[in-house]
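Single-structure report; data block below.
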Amino acid sequence: MTNQRLFNAFVFILMCFLISETFAQSKKATISGFVYDSSNGEAMIGVNVYIKNAGIGGSTNNSGYFVINSAPIGKQTLQFSSVGYKTISVDVDVSADQHKQLRVELSPKSVNINEVTISSDKEKLADKLFAKPASKIEMSGSQVNAIPKVIEADLLRALQTMPGITAISDFSSELYVRGGTPDQNLYLIDGADVYNPDHAFGIFSTFNTNAIKKVEVSKGGFGAEYGGRLSSVLDVTNLDGNRNKFEGIFNLSLLSGSTTLQIPIGSIGSISGSFRRTYIDQTYAKWSKDIPDYYFYDGNLKGFFDLSEQDKLSLSFFKSSDNLKYKQDKDAPQSFGFFYDWGNTTGSLNWKHIFNQNIFSSFWVTGSSFSSNFKFDKILNLSEKNELSDYSFKGLIEYYATNELTFKLGAEHKVLRFLYDEEWEQGRVDIEQKDHLTTAYLNAGWSPTILWDFEAGARLNYFKADISSTNIEPRLAIKYRLSETSSIKFASGIYHQYLDRVPRLFFSSIWCSADKYIKPSNSYHYILSYQKQLGDLLQLEVETYYKDYKNLYSYNQNLNAMVTPGYFDASGNPVYNNTKGIFTRGDGNSLGFEVLLRKDVGAITGWVSYSLARTKNTYDGINQGNEYAPRHDRASVVNFILNSDINDLFSGNWNGEPTPKSSKWLLGLNFIYASGQPITAPASAYQVSTVPDGNDNTIPGENIPGYKLYPGSIDSYRLPAYSRMDLSITYEKDYGSWTLSPYLQIFNIGARKNIWFIQYQSEFKNNSIIQTVKKVNMLPILPSIGVTVKF
């Protein structure tokens, strides 16, 4: 039986199962429903729901839906709690064989609504910590915006403050997660893949933080519902839109202007949209001939429609674009120049349907594309076109069999197309690939007692290009409560990746897929975690991990000398039409230890973290086959984040709620210390034969007559340690119907000269080599101002 038939059989059995369950009636009482934010009507994720004095409950899924099976008969009190919201109790009367469906709203302020009463009990963070998978990070848009930034808020740079996630330099927002590279991260926005999440050659990310509802990041050991990448998952859910009233926010910084608007659509739904655009091309570029015409923009539009109690529909669209026009002399029509533009477009349609109270389903149709175009305007006949498209259909079924046993069943089919076309006078690169990736997965969660929680699953991948590959990926997660406030967790899994990226400085990356020259990559994750609630508000997480990689691929630096053309065109010029020789194959491993102490609620919030890590890679034919640390490897990293109202900070109100006032000063601090990155240093100099030009001079272009530097072992030396402190001060004034918040941001307030790389400069004097070392630094102190208006 072929793999496609296996997949079809799986889908058929699943559908038969669903049909039978749709008409099945439970003989026990069931309570289900949705939980919403009372201030805007947004569905709430991860709300704890318990029946008091019964010891049973659950939590809401990503759609705000919950189910409690086998509910006791009679009058019951349900307790709903979530960090940042008041815990409430709802009284319900449950009878035998009844399916009770609720709509519950949580509010950050004390209110009394009909039968709902407000409880003063604080949420027990230990339950929230236990429910969260190992190595998972959750952030809201407001948390991201509170962190000091480079000119304006940035999601990826905010995540770089978490343990196990590092940056390679000040000039990059890319994420290096536990030794992995950026192409090993799966980026999702409302269910659609994003392949190039960067603006400005990697300095800024494409995500508008004011449009974000929730960010979930898994640094490893993620369940069977995710796949296709080796290292991590970043899942962004944008705002559905305020269903109660019109709401907006406008932000103006030195870099860009942005706005986010939310509008209710009667009683059936809402629309939210955001747009951001830089204005360098309309300001600085007009005043200075040295600044090229460059701008970027991004925007998203999302509609949410409440079709019925059983059906919810959402439509989401996202687009980002960078545009660069460079001209050496703007006043000369024939001056040398080039054009370069690149960007993403994604769209998704998501239908959520409740077959019955125990079966919740979600179906997506998504599309994602990335393209870049480069062309010289004059002199050089060189052009480049790079395209990637991804069209997917996927479905997820969540089956709540009992309070102790749940299942997730899903399937996905992707149609992928890659195109890279580069043309110059003497040749051409013309590579086009069209691939299919079909996956199916099953995940089971079992909680036999309040102390134990087991999750086991498997994912089946069938990848078809000019070769076919079938892989099974088992996943396992175990949790155990050591006490009421502490727990330990273990997670493990096998992961495969069928896409590889060619990174390029100042140009967008080129994606290609596994084929007869490139094997699928795989990794093994092993994670052990300890989590504890300290007091009422502090969370402590300690984790250690090991990752093993097989079939890693790095761009071949000797490509020009090794690659051979696929054929020659009519003019005799070579045409390169396959990936042979583009990459060098290798293996690797990462080992690490992380500590995170975090406080998410109260007048003072933030975290402090420490990570100790080591990454080693081995590539065929590189460094004589010996392992070495990649450029992004950092042994030790310390992060400290603090956000507070300045009055509360100095008055000692550290654990209480923020003091209500019509105006306040907000303080944000970000400190980072990281040990030095590895570099390759020269080991010696050697003399080469030179050809005199008739005047006893050597070949032009040699900066040392007859001498060259010979590199030592790859990345065997380390740069000095990196450290930086950022500061933000915001004055927030509430005028009732609107709020004004001017702010000052200072990046690298200590003006520390952190080294980016080292250049070696040499002179030949008096028959000897005189060598000097030039340090090239990262960003200096960078102050910026802006203003935010909420209405």
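A note on labels: chains of the structure tokens are A, B, ... as shown, every chain counts residues from 1, and ligands are counted from 1 in their shown order.
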
**Study point:** strand (DSSP E or B) per DSSP on the backbone: members of region 493-569 of chain A, as a ChimeraX atom specification
**Key:** /A:493-497,499-504,507-513,521-534,538-555,567-568

**Study point:** Residues within 9 Å of region 305-308 of chain A, only C-alpha atoms, excluding chain neighbours under 5 positions, as a ChimeraX atom specification
**Key:** /A:265,267-271,313-315

Point to revise | Secondary structure check, helix (DSSP H, G or I) residues of region 564-788 of chain A, as a PyMOL selection string | key: chain A and resi 623-625+646-651

Would you save the residues from that selection as a tab-separated table (two decimals), in the first residue's frame, using N, CA, C and O atoms?
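Generated output (out_0.tsv):
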```
chain	number	residue	atom	x	y	z
A	623	ASN	N	37.13	22.30	8.44
A	623	ASN	CA	37.89	22.23	9.68
A	623	ASN	C	38.51	20.85	9.87
A	623	ASN	O	38.59	20.33	10.99
A	624	GLN	N	38.90	20.23	8.75
A	624	GLN	CA	39.53	18.91	8.75
A	624	GLN	C	38.65	17.86	9.42
A	624	GLN	O	39.14	16.89	10.02
A	625	GLY	N	37.34	18.05	9.34
A	625	GLY	CA	36.42	17.09	9.91
A	625	GLY	C	36.24	17.20	11.41
A	625	GLY	O	35.52	16.39	12.01
A	646	ILE	N	6.82	54.24	37.98
A	646	ILE	CA	7.93	54.76	38.79
A	646	ILE	C	7.47	55.06	40.21
A	646	ILE	O	8.20	54.79	41.19
A	647	ASN	N	6.26	55.58	40.41
A	647	ASN	CA	5.75	55.85	41.76
A	647	ASN	C	5.63	54.58	42.57
A	647	ASN	O	6.01	54.53	43.75
A	648	ASP	N	5.11	53.50	41.96
A	648	ASP	CA	4.99	52.22	42.66
A	648	ASP	C	6.36	51.63	42.98
A	648	ASP	O	6.56	51.00	44.01
A	649	LEU	N	7.31	51.84	42.05
A	649	LEU	CA	8.65	51.29	42.25
A	649	LEU	C	9.31	51.87	43.49
A	649	LEU	O	9.89	51.15	44.30
A	650	PHE	N	9.22	53.19	43.65
A	650	PHE	CA	9.92	53.84	44.77
A	650	PHE	C	9.07	53.91	46.04
A	650	PHE	O	9.59	54.22	47.11
A	651	SER	N	7.77	53.62	45.93
A	651	SER	CA	6.93	53.61	47.12
A	651	SER	C	6.91	52.25	47.79
A	651	SER	O	6.34	52.10	48.88
```

Check your understanding: Counting only C-alpha atoms, what is within 10 Å of Thr470 (chain A), bar same-chain residues fewer than 3 positions away, as a list in words?
Key -> Asn3, Leu437, Thr438, Thr439, Leu460, Asn461, Tyr462, Phe463 and Lys464 of chain A

Next, dump the selected residues to file, keeping only N, CA and C atoms, as an mmCIF file, in the first residue's frame.
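Result went into selection-v3.cif, see below:
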```
data_model
loop_
_atom_site.group_PDB
_atom_site.id
_atom_site.type_symbol
_atom_site.label_atom_id
_atom_site.label_comp_id
_atom_site.auth_asym_id
_atom_site.auth_seq_id
_atom_site.Cartn_x
_atom_site.Cartn_y
_atom_site.Cartn_z
ATOM 1 N N ASN A 3 2.059 5.251 0.428
ATOM 2 C CA ASN A 3 1.893 6.186 1.541
ATOM 3 C C ASN A 3 0.647 7.043 1.365
ATOM 4 N N LEU A 437 3.936 18.004 0.578
ATOM 5 C CA LEU A 437 4.170 17.484 1.924
ATOM 6 C C LEU A 437 2.821 17.162 2.546
ATOM 7 N N THR A 438 2.624 15.892 2.865
ATOM 8 C CA THR A 438 1.387 15.422 3.475
ATOM 9 C C THR A 438 1.700 14.881 4.856
ATOM 10 N N THR A 439 0.947 15.322 5.849
ATOM 11 C CA THR A 439 1.184 14.875 7.221
ATOM 12 C C THR A 439 -0.132 14.482 7.871
ATOM 13 N N LEU A 460 3.128 11.471 11.075
ATOM 14 C CA LEU A 460 3.563 10.791 9.861
ATOM 15 C C LEU A 460 3.737 11.817 8.754
ATOM 16 N N ASN A 461 4.931 11.891 8.177
ATOM 17 C CA ASN A 461 5.233 12.832 7.094
ATOM 18 C C ASN A 461 5.496 12.060 5.811
ATOM 19 N N TYR A 462 4.900 12.533 4.736
ATOM 20 C CA TYR A 462 5.210 11.999 3.408
ATOM 21 C C TYR A 462 5.571 13.176 2.508
ATOM 22 N N PHE A 463 6.852 13.248 2.140
ATOM 23 C CA PHE A 463 7.358 14.350 1.328
ATOM 24 C C PHE A 463 7.688 13.827 -0.066
ATOM 25 N N LYS A 464 7.195 14.541 -1.091
ATOM 26 C CA LYS A 464 7.407 14.099 -2.464
ATOM 27 C C LYS A 464 7.989 15.238 -3.280
#
```

Review point. Leaving out Ser32 (chain A) and any residue of its chain fewer than 5 positions from it, which residues lie within 12 Å of it when counting only C-alpha atoms, given as an NGL selection string?
Key: :A and (49-50 or 57-61 or 64-71 or 78 or 92 or 94 or 98-104 or 309-310 or 354 or 356-360 or 400 or 403)

**Study point:** Residue among A:Ser728, A:Thr237, A:Ser529, A:Ser513 lying closest to Ile785 (chain A), counting only C-alpha atoms
**Key:**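 Residue with the minimum atom-to-atom distance to Ile785 (chain A): A:Ser728.
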
Practice item. Tell me, in Å to one decimal, how far CA of Asp633 (chain A) is from CA of Thr166 (chain A). Key: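 Interatomic distance here is 8.7 Å.
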